[in-house]
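*Asks:* This is start-v3.csv, which holds CSV, C-alpha atoms and all ligand atoms:
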```csv
chain,number,residue,atom,x,y,z
A,1,MET,CA,-3.9,-8.7,27.9
A,2,LEU,CA,-5.8,-5.5,27.2
A,3,LYS,CA,-5.5,-4.4,23.6
A,4,ALA,CA,-6.8,-1.3,21.9
A,5,ARG,CA,-8.7,-1.8,18.6
A,6,LYS,CA,-6.4,-2.8,15.8
A,7,CYS,CA,-6.8,0.4,13.8
A,8,VAL,CA,-5.9,2.4,16.9
A,9,ARG,CA,-2.8,0.3,17.6
A,10,GLU,CA,-1.7,0.8,14.1
A,11,MET,CA,-2.2,4.5,14.0
A,12,ARG,CA,0.8,6.7,13.5
A,13,GLU,CA,1.4,8.8,16.6
A,14,TYR,CA,0.3,12.4,16.0
A,15,HIS,CA,1.7,15.0,18.3
A,16,SER,CA,1.0,18.6,17.4
A,17,PRO,CA,4.5,20.0,17.4
A,18,LEU,CA,3.7,22.5,20.2
A,19,SER,CA,6.4,25.1,20.5
A,20,SER,CA,8.8,24.7,23.4
A,21,THR,CA,8.4,27.2,26.2
A,22,ALA,CA,11.8,28.7,25.2
A,23,THR,CA,10.1,30.1,22.1
A,24,ASN,CA,8.9,33.6,22.4
A,25,LEU,CA,7.5,34.1,18.9
A,26,ARG,CA,5.3,31.2,18.1
A,27,LEU,CA,4.5,31.1,14.4
A,28,ASP,CA,3.9,27.4,14.0
A,29,MET,CA,0.3,26.9,15.0
A,30,ASN,CA,-1.6,29.5,13.1
A,31,GLU,CA,-2.7,31.1,16.3
A,32,SER,CA,-3.4,34.7,16.8
A,33,THR,CA,-0.4,36.4,18.3
A,34,THR,CA,-2.4,39.3,19.7
A,35,GLY,CA,-5.2,37.4,21.5
A,36,CYS,CA,-8.9,37.8,21.7
A,37,SER,CA,-11.3,40.7,22.0
A,38,PRO,CA,-11.1,42.7,25.3
A,39,ARG,CA,-14.9,42.2,25.5
A,40,VAL,CA,-14.4,38.4,25.6
A,41,LEU,CA,-11.8,38.8,28.3
A,42,ALA,CA,-14.0,41.0,30.4
A,43,LYS,CA,-16.8,38.5,30.1
A,44,LEU,CA,-14.4,35.7,31.2
A,45,HIS,CA,-13.4,37.7,34.3
A,46,SER,CA,-17.0,38.4,35.2
A,47,MET,CA,-17.9,34.7,35.5
A,48,ASP,CA,-18.7,33.6,39.0
A,49,ALA,CA,-18.6,30.3,40.9
A,50,LYS,CA,-22.2,29.5,40.1
A,51,ALA,CA,-21.7,29.7,36.4
A,52,LEU,CA,-18.9,27.1,36.7
A,53,ALA,CA,-20.9,24.8,39.0
A,54,LEU,CA,-23.5,24.2,36.3
A,55,TYR,CA,-23.3,22.0,33.3
A,56,PRO,CA,-23.1,24.2,30.2
A,57,ARG,CA,-26.1,24.6,27.9
A,58,ARG,CA,-25.1,24.7,24.3
A,59,GLU,CA,-28.5,25.7,22.8
A,60,SER,CA,-28.3,29.4,23.5
A,61,GLY,CA,-24.9,29.6,21.8
A,62,GLU,CA,-26.2,27.7,18.8
A,63,LYS,CA,-29.0,30.1,18.4
A,64,LEU,CA,-26.6,33.1,18.5
A,65,VAL,CA,-24.3,31.4,15.9
A,66,ALA,CA,-27.1,30.4,13.7
A,67,ASP,CA,-28.5,34.0,13.7
A,68,SER,CA,-25.1,35.3,12.8
A,69,LEU,CA,-24.8,32.9,9.9
A,70,GLY,CA,-28.4,33.5,8.7
A,71,ILE,CA,-29.4,29.8,9.0
A,72,PRO,CA,-31.8,27.9,11.4
A,73,ALA,CA,-30.3,26.8,14.7
A,74,ALA,CA,-31.2,23.2,13.8
A,75,GLN,CA,-28.5,23.3,11.1
A,76,VAL,CA,-25.8,24.3,13.6
A,77,LEU,CA,-23.8,22.3,16.2
A,78,LEU,CA,-21.3,23.9,18.5
A,79,THR,CA,-18.2,21.8,18.7
A,80,ASN,CA,-15.1,21.5,20.9
A,81,GLY,CA,-13.0,23.2,18.2
A,82,ALA,CA,-13.4,22.4,14.5
A,83,ASP,CA,-11.5,19.2,15.3
A,84,GLU,CA,-14.6,17.7,17.0
A,85,GLY,CA,-16.7,18.4,14.0
A,86,ILE,CA,-14.3,16.5,11.8
A,87,ASP,CA,-14.2,13.6,14.2
A,88,LEU,CA,-18.0,13.4,14.4
A,89,LEU,CA,-18.3,13.3,10.6
A,90,CYS,CA,-15.8,10.4,10.4
A,91,ARG,CA,-17.6,8.5,13.2
A,92,ALA,CA,-21.0,9.1,11.6
A,93,TYR,CA,-20.3,8.3,8.0
A,94,LEU,CA,-17.3,6.0,7.8
A,95,GLU,CA,-17.8,2.3,8.2
A,96,PRO,CA,-14.7,0.2,8.3
A,97,GLU,CA,-13.2,-0.1,4.7
A,98,ASN,CA,-15.2,3.0,3.5
A,99,GLU,CA,-13.1,5.6,1.8
A,100,ILE,CA,-12.4,9.2,2.7
A,101,VAL,CA,-10.9,11.4,0.0
A,102,VAL,CA,-8.4,14.1,1.0
A,103,VAL,CA,-6.4,16.4,-1.2
A,104,VAL,CA,-2.8,16.5,0.0
A,105,PRO,CA,-0.9,18.3,1.4
A,106,THR,CA,-3.6,19.3,3.9
A,107,PHE,CA,-4.5,19.4,7.6
A,108,THR,CA,-3.5,16.2,9.2
A,109,MET,CA,-6.4,15.6,11.5
A,110,TYR,CA,-8.7,14.4,8.7
A,111,GLU,CA,-6.5,11.3,8.4
A,112,VAL,CA,-6.1,10.8,12.1
A,113,PHE,CA,-9.9,10.7,12.7
A,114,ALA,CA,-10.5,8.6,9.6
A,115,GLN,CA,-8.0,6.0,10.6
A,116,MET,CA,-9.7,5.6,14.0
A,117,GLU,CA,-12.7,4.3,12.0
A,118,ASN,CA,-10.6,1.9,10.1
A,119,ALA,CA,-11.4,3.8,6.9
A,120,LYS,CA,-9.3,3.8,3.8
A,121,VAL,CA,-7.7,7.2,3.2
A,122,VAL,CA,-7.5,8.1,-0.5
A,123,ARG,CA,-5.0,10.9,-1.0
A,124,VAL,CA,-5.3,13.0,-4.2
A,125,PRO,CA,-2.2,15.2,-4.7
A,126,THR,CA,-2.8,18.9,-5.5
A,127,GLY,CA,-2.1,20.1,-9.0
A,128,PRO,CA,0.5,22.6,-10.2
A,129,GLU,CA,1.2,25.4,-7.6
A,130,PHE,CA,-1.0,23.4,-5.1
A,131,SER,CA,-4.1,24.0,-7.1
A,132,PHE,CA,-7.2,22.0,-6.3
A,133,PRO,CA,-7.4,18.9,-8.6
A,134,THR,CA,-11.1,18.9,-9.3
A,135,GLN,CA,-11.2,16.3,-12.0
A,136,ARG,CA,-8.8,14.0,-10.2
A,137,VAL,CA,-10.9,14.2,-7.0
A,138,ILE,CA,-14.0,13.2,-9.0
A,139,ASP,CA,-12.0,10.4,-10.7
A,140,SER,CA,-11.0,9.1,-7.3
A,141,LEU,CA,-14.6,8.6,-6.1
A,142,SER,CA,-15.8,5.0,-5.8
A,143,GLY,CA,-18.9,3.2,-4.6
A,144,ASN,CA,-17.2,3.2,-1.2
A,145,THR,CA,-16.5,6.9,-0.8
A,146,ARG,CA,-18.4,8.2,2.1
A,147,LEU,CA,-16.5,11.4,3.0
A,148,ILE,CA,-14.7,14.0,1.0
A,149,VAL,CA,-12.8,16.8,2.6
A,150,ILE,CA,-12.1,20.2,1.0
A,151,CYS,CA,-10.1,22.6,3.0
A,152,ASN,CA,-10.7,26.2,1.8
A,153,PRO,CA,-8.4,28.0,2.1
A,154,ASN,CA,-6.2,25.0,2.4
A,155,ASN,CA,-3.8,24.5,5.3
A,156,PRO,CA,-0.7,24.5,4.8
A,157,THR,CA,-0.7,26.0,1.3
A,158,GLY,CA,-3.1,29.0,1.8
A,159,THR,CA,-4.6,28.4,-1.6
A,160,ALA,CA,-8.3,28.9,-2.3
A,161,VAL,CA,-10.6,26.5,-4.0
A,162,ALA,CA,-13.0,27.8,-6.6
A,163,ARG,CA,-16.6,27.6,-5.8
A,164,SER,CA,-17.3,25.9,-9.2
A,165,SER,CA,-14.9,23.1,-8.2
A,166,ILE,CA,-16.6,22.6,-4.8
A,167,MET,CA,-20.0,22.4,-6.5
A,168,LYS,CA,-18.7,19.8,-9.1
A,169,VAL,CA,-17.4,17.6,-6.3
A,170,ILE,CA,-20.6,17.9,-4.3
A,171,GLU,CA,-22.7,17.0,-7.3
A,172,ALA,CA,-20.5,14.1,-8.3
A,173,ALA,CA,-20.9,12.5,-4.8
A,174,PRO,CA,-24.5,12.4,-3.7
A,175,ASP,CA,-23.9,9.4,-1.4
A,176,ALA,CA,-20.9,10.9,0.3
A,177,ALA,CA,-20.7,13.7,3.0
A,178,VAL,CA,-18.6,16.6,1.7
A,179,LEU,CA,-16.9,18.5,4.5
A,180,LEU,CA,-15.9,22.0,3.6
A,181,ASP,CA,-13.4,23.1,6.2
A,182,GLU,CA,-13.6,26.9,6.4
A,183,ALA,CA,-11.3,27.2,9.5
A,184,TYR,CA,-9.7,30.2,7.8
A,185,PHE,CA,-12.8,31.7,6.3
A,186,ASP,CA,-12.5,35.0,8.2
A,187,PHE,CA,-9.3,35.7,6.2
A,188,SER,CA,-10.5,34.7,2.8
A,189,GLY,CA,-14.2,35.8,3.0
A,190,GLN,CA,-15.1,33.0,0.7
A,191,THR,CA,-17.9,30.7,1.9
A,192,MET,CA,-20.7,28.3,0.8
A,193,MET,CA,-22.7,28.8,4.0
A,194,GLU,CA,-25.7,29.9,2.0
A,195,GLN,CA,-25.9,26.4,0.5
A,196,ILE,CA,-26.3,24.8,3.9
A,197,GLY,CA,-29.7,23.1,4.0
A,198,LYS,CA,-30.0,23.3,0.2
A,199,LEU,CA,-27.4,20.6,-0.5
A,200,PRO,CA,-28.1,17.6,1.8
A,201,ASN,CA,-24.5,16.3,1.7
A,202,LEU,CA,-22.7,19.5,2.4
A,203,PHE,CA,-21.2,20.3,5.9
A,204,ILE,CA,-19.1,23.3,6.8
A,205,ALA,CA,-16.7,23.5,9.7
A,206,ARG,CA,-15.6,26.8,11.2
A,207,THR,CA,-13.5,27.7,14.2
A,208,PHE,CA,-13.0,30.5,16.8
A,209,SER,CA,-9.3,29.5,17.1
A,210,LYS,CA,-7.9,31.7,14.4
A,211,ALA,CA,-9.4,35.1,13.7
A,212,TYR,CA,-11.2,35.3,17.1
A,213,GLY,CA,-7.9,34.5,18.9
A,214,LEU,CA,-9.6,31.8,21.0
A,215,ALA,CA,-7.7,28.6,20.3
A,216,GLY,CA,-7.4,27.9,24.0
A,217,MET,CA,-11.2,28.1,24.4
A,218,ARG,CA,-11.8,25.2,22.1
A,219,LEU,CA,-14.9,26.4,20.2
A,220,GLY,CA,-16.0,25.5,16.7
A,221,ILE,CA,-19.0,25.2,14.5
A,222,LEU,CA,-20.4,22.4,12.3
A,223,ALA,CA,-23.2,23.4,10.0
A,224,GLY,CA,-25.2,21.0,7.8
A,225,ASP,CA,-28.5,19.8,6.6
A,226,GLN,CA,-31.0,19.6,9.4
A,227,GLU,CA,-31.7,15.9,9.1
A,228,GLN,CA,-28.1,15.0,9.1
A,229,MET,CA,-27.3,17.4,11.9
A,230,SER,CA,-29.9,15.7,14.1
A,231,VAL,CA,-28.0,12.5,13.7
A,232,LEU,CA,-24.7,14.1,14.6
A,233,ARG,CA,-26.3,15.8,17.6
A,234,ARG,CA,-27.1,12.3,19.0
A,235,MET,CA,-23.5,11.4,18.9
A,236,ALA,CA,-21.9,14.5,20.5
A,237,SER,CA,-21.7,14.8,24.2
A,238,PRO,CA,-24.3,17.2,25.4
A,239,PHE,CA,-21.5,19.0,27.3
A,240,ASN,CA,-18.9,19.0,24.6
A,241,VAL,CA,-18.5,22.8,24.7
A,242,ASN,CA,-17.4,24.3,28.0
A,243,ALA,CA,-19.2,27.0,30.0
A,244,PHE,CA,-16.4,29.6,29.4
A,245,ALA,CA,-16.8,29.3,25.6
A,246,ILE,CA,-20.6,29.4,25.7
A,247,GLU,CA,-20.6,32.5,28.1
A,248,CYS,CA,-18.1,34.4,25.9
A,249,LEU,CA,-19.7,33.5,22.5
A,250,ALA,CA,-22.0,36.5,22.4
A,251,GLU,CA,-19.2,39.0,23.0
A,252,ALA,CA,-17.0,37.2,20.5
A,253,LEU,CA,-19.6,37.5,17.8
A,254,ALA,CA,-20.7,41.0,18.8
A,255,ASP,CA,-17.2,42.5,18.6
A,256,ARG,CA,-17.1,42.5,14.8
A,257,GLN,CA,-14.8,45.5,14.7
A,258,PHE,CA,-12.1,43.5,16.6
A,259,VAL,CA,-12.2,40.6,14.2
A,260,ALA,CA,-12.2,42.9,11.1
A,261,ALA,CA,-9.3,45.0,12.4
A,262,TYR,CA,-7.3,41.8,13.2
A,263,VAL,CA,-8.0,40.2,9.8
A,264,SER,CA,-7.0,43.4,8.0
A,265,GLN,CA,-3.7,43.6,10.0
A,266,VAL,CA,-2.9,40.0,9.2
A,267,GLN,CA,-3.6,40.6,5.5
A,268,THR,CA,-1.3,43.6,5.4
A,269,SER,CA,1.6,42.0,7.3
A,270,ARG,CA,1.2,38.8,5.3
A,271,GLU,CA,1.6,40.5,2.0
A,272,TRP,CA,4.5,42.6,3.3
A,273,LEU,CA,6.3,39.4,4.5
A,274,ARG,CA,5.6,37.6,1.2
A,275,ARG,CA,7.2,40.5,-0.8
A,276,GLU,CA,10.2,40.6,1.6
A,277,LEU,CA,10.7,36.8,1.5
A,278,GLU,CA,10.5,36.8,-2.3
A,279,GLN,CA,13.0,39.6,-2.5
A,280,LEU,CA,15.3,37.4,-0.5
A,281,GLY,CA,14.8,34.7,-3.2
A,282,PHE,CA,12.4,32.4,-1.4
A,283,LYS,CA,9.4,31.1,-3.2
A,284,CYS,CA,6.1,31.8,-1.5
A,285,TRP,CA,2.5,30.8,-2.5
A,286,PRO,CA,-0.3,33.4,-2.5
A,287,SER,CA,-2.3,32.8,0.7
A,288,GLN,CA,-5.9,33.6,1.6
A,289,ALA,CA,-5.2,32.6,5.3
A,290,ASN,CA,-3.2,33.8,8.4
A,291,PHE,CA,-0.1,31.9,7.3
A,292,ILE,CA,2.1,31.5,4.2
A,293,LEU,CA,3.9,28.6,2.8
A,294,CYS,CA,7.5,29.4,1.9
A,295,ARG,CA,10.2,27.3,0.3
A,296,PHE,CA,13.5,27.4,2.4
A,297,GLY,CA,15.1,24.6,0.3
A,298,GLU,CA,17.7,22.2,1.2
A,299,GLU,CA,19.0,24.0,4.3
A,300,LYS,CA,15.5,24.2,5.8
A,301,LYS,CA,16.3,22.1,8.8
A,302,ALA,CA,19.3,24.2,9.8
A,303,MET,CA,17.4,27.4,9.2
A,304,LEU,CA,14.5,26.2,11.4
A,305,GLU,CA,16.9,25.2,14.2
A,306,ALA,CA,18.8,28.5,14.0
A,307,LEU,CA,15.5,30.4,14.2
A,308,ARG,CA,14.3,28.3,17.1
A,309,ALA,CA,17.5,29.1,18.9
A,310,ARG,CA,16.6,32.7,18.5
A,311,GLY,CA,13.2,32.1,20.0
A,312,ILE,CA,11.1,31.8,16.8
A,313,ALA,CA,9.1,28.7,15.9
A,314,LEU,CA,8.0,28.1,12.3
A,315,ARG,CA,6.3,24.9,11.1
A,316,ASP,CA,8.2,22.4,9.1
A,317,ARG,CA,6.1,20.9,6.3
A,318,PRO,CA,8.0,17.8,5.2
A,319,ASP,CA,5.0,17.0,2.9
A,320,CYS,CA,5.8,20.2,0.8
A,321,GLU,CA,9.3,19.8,-0.4
A,322,GLY,CA,11.7,22.1,1.3
A,323,CYS,CA,8.8,24.2,2.7
A,324,VAL,CA,7.9,25.8,6.0
A,325,ARG,CA,4.6,27.3,7.1
A,326,ILE,CA,4.8,30.7,8.7
A,327,SER,CA,1.9,32.0,10.8
A,328,ILE,CA,1.3,35.7,10.4
A,329,GLY,CA,1.7,38.0,13.4
A,330,THR,CA,1.8,41.7,13.8
A,331,GLN,CA,3.9,43.9,11.4
A,332,GLN,CA,6.4,44.3,14.2
A,333,GLU,CA,6.7,40.5,14.7
A,334,MET,CA,7.1,39.9,11.0
A,335,GLU,CA,9.9,42.5,10.9
A,336,ARG,CA,11.6,40.7,13.8
A,337,LEU,CA,11.3,37.4,11.9
A,338,LEU,CA,12.8,38.9,8.8
A,339,THR,CA,15.7,40.5,10.7
A,340,GLU,CA,16.5,37.2,12.4
A,341,LEU,CA,16.1,35.3,9.2
A,342,LYS,CA,18.6,37.6,7.4
A,343,GLN,CA,21.1,37.0,10.2
A,344,VAL,CA,20.6,33.3,10.0
A,345,LEU,CA,21.2,33.4,6.3
A,346,TYR,CA,24.4,35.3,6.9
A,347,GLN,CA,25.6,32.6,9.3
A,348,LEU,CA,24.5,29.8,7.0
A,349,PRO,CA,26.0,30.6,3.6
A,350,ALA,CA,24.9,27.2,2.3
A,351,ALA,CA,21.3,28.3,2.9
A,352,LYS,CA,21.8,31.5,0.9
A,353,ALA,CA,23.4,29.6,-2.0
A,354,ALA,CA,20.7,26.9,-2.0
A,355,ARG,CA,17.9,29.3,-3.0
A,401,LIG,N1,-9.2,22.8,10.3
A,401,LIG,C1,-8.0,23.3,9.8
A,401,LIG,C2,-7.8,23.5,8.4
A,401,LIG,C3,-7.1,23.8,10.8
A,401,LIG,O1,-5.9,24.3,10.3
A,401,LIG,C4,-7.3,23.6,12.1
A,401,LIG,C5,-6.4,24.1,13.2
A,401,LIG,N2,-5.1,24.3,12.9
A,401,LIG,C6,-8.5,23.0,12.5
A,401,LIG,C7,-9.4,22.6,11.6
A,401,LIG,C8,-8.9,22.7,14.0
A,401,LIG,O2,-9.2,23.9,14.6
A,401,LIG,P1,-9.7,23.9,16.1
A,401,LIG,O3,-8.7,24.6,16.9
A,401,LIG,O4,-11.0,24.7,16.0
A,401,LIG,O5,-10.0,22.5,16.5
```
How does the structure come out when it is put into structure tokens?
*Replies:*
Amino acid sequence: MLKARKCVREMREYHSPLSSTATNLRLDMNESTTGCSPRVLAKLHSMDAKALALYPRRESGEKLVADSLGIPAAQVLLTNGADEGIDLLCRAYLEPENEIVVVVPTFTMYEVFAQMENAKVVRVPTGPEFSFPTQRVIDSLSGNTRLIVICNPNNPTGTAVARSSIMKVIEAAPDAAVLLDEAYFDFSGQTMMEQIGKLPNLFIARTFSKAYGLAGMRLGILAGDQEQMSVLRRMASPFNVNAFAIECLAEALADRQFVAAYVSQVQTSREWLRRELEQLGFKCWPSQANFILCRFGEEKKAMLEALRARGIALRDRPDCEGCVRISIGTQQEMERLLTELKQVLYQLPAAKAAR
């Protein structure tokens, strides 16, 4: 009988909890609710049959991205979303029984890809208020550690990791790859990109899925030391990134104004929502990303269901006691969320009392 590899058979099934079609305000995937730059859309519409008939060539896109990052093209790989970059690192550095260190709660896909390699996942819990546990991460390293993931700002908490902490981890683990996941960099502005090429074990993942509003395009970046990147390049399919994404990349990068305006709008409505939620008595954590983590408490399930019945999807985070993650939309969308939430609380007196 045909059998998948043991580690694959034993994997927990992971379904991204995609919002149902009945949802008309989708705040559970950290997507942009306003969409991409009109310049990207115009480029997309201008593509002809010939452009689609040909296999895509990634190199031109890599040069553009590298120039925009101020690093050589040899240090950049375009990926099929940041997800592919994570997968490539797991496949490249994790032998069976090697260890990957993740700080939890965090983005789930690190574990999914690591399990596919039969690696051992070492989970280090965050410190008070979801702070990055620098010393405990360093203490968790062993002779078998080959990959350490630092998500900055972290999903789902929105918390930032201090540069000094990241440096300490990198220095403590010269034989391990350190993946700095900067998927939400555009919202935080904090990066270590200038260290790429200087620190041979540092990799940085970025994505066009968030601030650029292109999650459906599947376009990401993996940056790292040139020698290491040449190894990863051997593993990736030469056609991992589709022709639409490569064609639109120049416009996406050029329309800086669009991204800046969107980021600023998100930051404003995020802080507004946080203040409002706190006034209602819900604890929220300061976020550097396009979402916030909020504690709904014991009635969380009922509240999520009631909101969903009203067309609004938030993300349950069972790994953060009583919490939900709320993606930030426009001011108007956040006002709608708040209005509906107040009505839900009115109908669920237990939820009101539980706070
Ligand atoms: N890293 C983090 C921290 C994320 O939150 C996400 C998406 N939610 C990704 C990576 C994957 O992004 P992409 O759509 O580029 O695959």
*Asks:* Find the residues near ligand LIG 401 (chain A). Use a cut-off of 9 Å, count only C-alpha atoms and all ligand atoms, and write them as a ChimeraX atom specification.
*Replies:* /A:29-31,79-86,106-110,151-156,181-184,205-210,214-221
*Asks:* Let me make sure I understand: among A:Leu89, A:Ala243, A:Cys294, A:Val324, which one has the smallest atom-to-atom distance to Pro56 in chain A if we use all atoms listed in the file?
*Replies:*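 Residue with the minimum atom-to-atom distance to Pro56 in chain A: A:Ala243.
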*Asks:* Between CA of Gly281 in chain A and CA of Glu340 in chain A, what is the distance, to one decimal in Å?
*Replies:*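 Spanning CA of Gly281 in chain A to CA of Glu340 in chain A is a straight-line distance of 15.9 Å.
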*Asks:* Could you jot down the CA of Glu247 in chain A to CA of Pro38 in chain A separation for me, Å, one decimal place?
*Replies:* 14.2 Å
*Asks:* Which protein, DNA or RNA residues are at most 12 Å from (25.4, 25.9, 5.9) in the file's coordinates when you count all atoms listed in the file, listed as a ChimeraX atom specification?
*Replies:* /A:297-303,305-306,344-354
*Asks:* Keeping only C-alpha atoms, write the selected residues to a file as a compact mmCIF listing (two decimals), keeping the file's coordinate frame.
*Replies:*
```txt
# COMPACT_ATOMS: atom_id res chain seq x y z
CA GLY A 297 15.10 24.60 0.30
CA GLU A 298 17.70 22.20 1.20
CA GLU A 299 19.00 24.00 4.30
CA LYS A 300 15.50 24.20 5.80
CA LYS A 301 16.30 22.10 8.80
CA ALA A 302 19.30 24.20 9.80
CA MET A 303 17.40 27.40 9.20
CA GLU A 305 16.90 25.20 14.20
CA ALA A 306 18.80 28.50 14.00
CA VAL A 344 20.60 33.30 10.00
CA LEU A 345 21.20 33.40 6.30
CA TYR A 346 24.40 35.30 6.90
CA GLN A 347 25.60 32.60 9.30
CA LEU A 348 24.50 29.80 7.00
CA PRO A 349 26.00 30.60 3.60
CA ALA A 350 24.90 27.20 2.30
CA ALA A 351 21.30 28.30 2.90
CA LYS A 352 21.80 31.50 0.90
CA ALA A 353 23.40 29.60 -2.00
CA ALA A 354 20.70 26.90 -2.00
```
*Asks:* Nearest to Leu78 in chain A among A:Ala254, A:Val149, A:Val241, A:Ile170, with distances taken over all atoms listed in the file: which residue is it?
*Replies:*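 Using all atoms listed in the file, Leu78 in chain A sits closest to A:Val241.
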*Asks:* Suppose you want the space between CA of Gly127 in chain A and CA of Ile100 in chain A; what is it in Å?
*Replies:*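 Computing the Euclidean distance for CA of Gly127 in chain A and CA of Ile100 in chain A yields 19.0 Å.
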*Asks:* Closest to Ser237 in chain A among A:Leu147, A:Leu249, A:Arg57, A:Glu10, using only C-alpha atoms?
*Replies:*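 Among the listed residues, A:Arg57 lies closest to Ser237 in chain A.
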*Asks:* Output range 132-138 of chain A as an mmCIF file, in the frame of the given file, making sure all heavy atoms are there.
*Replies:*
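part.cif written:
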```
data_model
loop_
_atom_site.group_PDB
_atom_site.id
_atom_site.type_symbol
_atom_site.label_atom_id
_atom_site.label_comp_id
_atom_site.auth_asym_id
_atom_site.auth_seq_id
_atom_site.Cartn_x
_atom_site.Cartn_y
_atom_site.Cartn_z
ATOM 1 N N PHE A 132 -6.298 23.061 -6.660
ATOM 2 C CA PHE A 132 -7.200 22.000 -6.300
ATOM 3 C C PHE A 132 -7.503 21.125 -7.549
ATOM 4 O O PHE A 132 -7.928 21.637 -8.597
ATOM 5 C CB PHE A 132 -8.557 22.602 -5.814
ATOM 6 C CG PHE A 132 -9.499 21.572 -5.281
ATOM 7 C CD1 PHE A 132 -9.331 21.040 -4.008
ATOM 8 C CD2 PHE A 132 -10.558 21.120 -6.054
ATOM 9 C CE1 PHE A 132 -10.204 20.083 -3.510
ATOM 10 C CE2 PHE A 132 -11.440 20.160 -5.560
ATOM 11 C CZ PHE A 132 -11.253 19.639 -4.293
ATOM 12 N N PRO A 133 -7.260 19.820 -7.440
ATOM 13 C CA PRO A 133 -7.400 18.900 -8.600
ATOM 14 C C PRO A 133 -8.771 18.410 -8.828
ATOM 15 O O PRO A 133 -9.024 17.219 -8.621
ATOM 16 C CB PRO A 133 -6.380 17.818 -8.252
ATOM 17 C CG PRO A 133 -6.482 17.723 -6.753
ATOM 18 C CD PRO A 133 -6.838 19.072 -6.236
ATOM 19 N N THR A 134 -9.657 19.272 -9.255
ATOM 20 C CA THR A 134 -11.100 18.900 -9.300
ATOM 21 C C THR A 134 -11.375 17.604 -9.989
ATOM 22 O O THR A 134 -12.026 16.721 -9.425
ATOM 23 C CB THR A 134 -11.869 20.057 -10.038
ATOM 24 O OG1 THR A 134 -11.428 21.302 -9.530
ATOM 25 C CG2 THR A 134 -13.368 19.903 -9.853
ATOM 26 N N GLN A 135 -10.854 17.473 -11.219
ATOM 27 C CA GLN A 135 -11.200 16.300 -12.000
ATOM 28 C C GLN A 135 -10.619 15.017 -11.320
ATOM 29 O O GLN A 135 -11.278 13.975 -11.259
ATOM 30 C CB GLN A 135 -10.710 16.394 -13.439
ATOM 31 C CG GLN A 135 -11.308 15.347 -14.370
ATOM 32 C CD GLN A 135 -12.845 15.279 -14.293
ATOM 33 O OE1 GLN A 135 -13.530 16.307 -14.342
ATOM 34 N NE2 GLN A 135 -13.400 14.080 -14.116
ATOM 35 N N ARG A 136 -9.387 15.152 -10.772
ATOM 36 C CA ARG A 136 -8.800 14.000 -10.200
ATOM 37 C C ARG A 136 -9.530 13.561 -8.872
ATOM 38 O O ARG A 136 -9.595 12.383 -8.527
ATOM 39 C CB ARG A 136 -7.295 14.166 -9.913
ATOM 40 C CG ARG A 136 -6.509 13.764 -11.181
ATOM 41 C CD ARG A 136 -5.023 13.724 -10.974
ATOM 42 N NE ARG A 136 -4.484 15.067 -10.967
ATOM 43 C CZ ARG A 136 -3.745 15.585 -10.006
ATOM 44 N NH1 ARG A 136 -3.427 14.858 -8.952
ATOM 45 N NH2 ARG A 136 -3.298 16.810 -10.097
ATOM 46 N N VAL A 137 -10.088 14.550 -8.187
ATOM 47 C CA VAL A 137 -10.900 14.200 -7.000
ATOM 48 C C VAL A 137 -12.128 13.439 -7.474
ATOM 49 O O VAL A 137 -12.473 12.384 -6.904
ATOM 50 C CB VAL A 137 -11.325 15.496 -6.224
ATOM 51 C CG1 VAL A 137 -12.386 15.174 -5.181
ATOM 52 C CG2 VAL A 137 -10.117 16.138 -5.560
ATOM 53 N N ILE A 138 -12.753 13.923 -8.529
ATOM 54 C CA ILE A 138 -14.000 13.200 -9.000
ATOM 55 C C ILE A 138 -13.600 11.828 -9.526
ATOM 56 O O ILE A 138 -14.308 10.858 -9.233
ATOM 57 C CB ILE A 138 -14.624 14.105 -10.136
ATOM 58 C CG1 ILE A 138 -15.192 15.373 -9.479
ATOM 59 C CG2 ILE A 138 -15.709 13.327 -10.876
ATOM 60 C CD1 ILE A 138 -15.691 16.429 -10.433
#
```
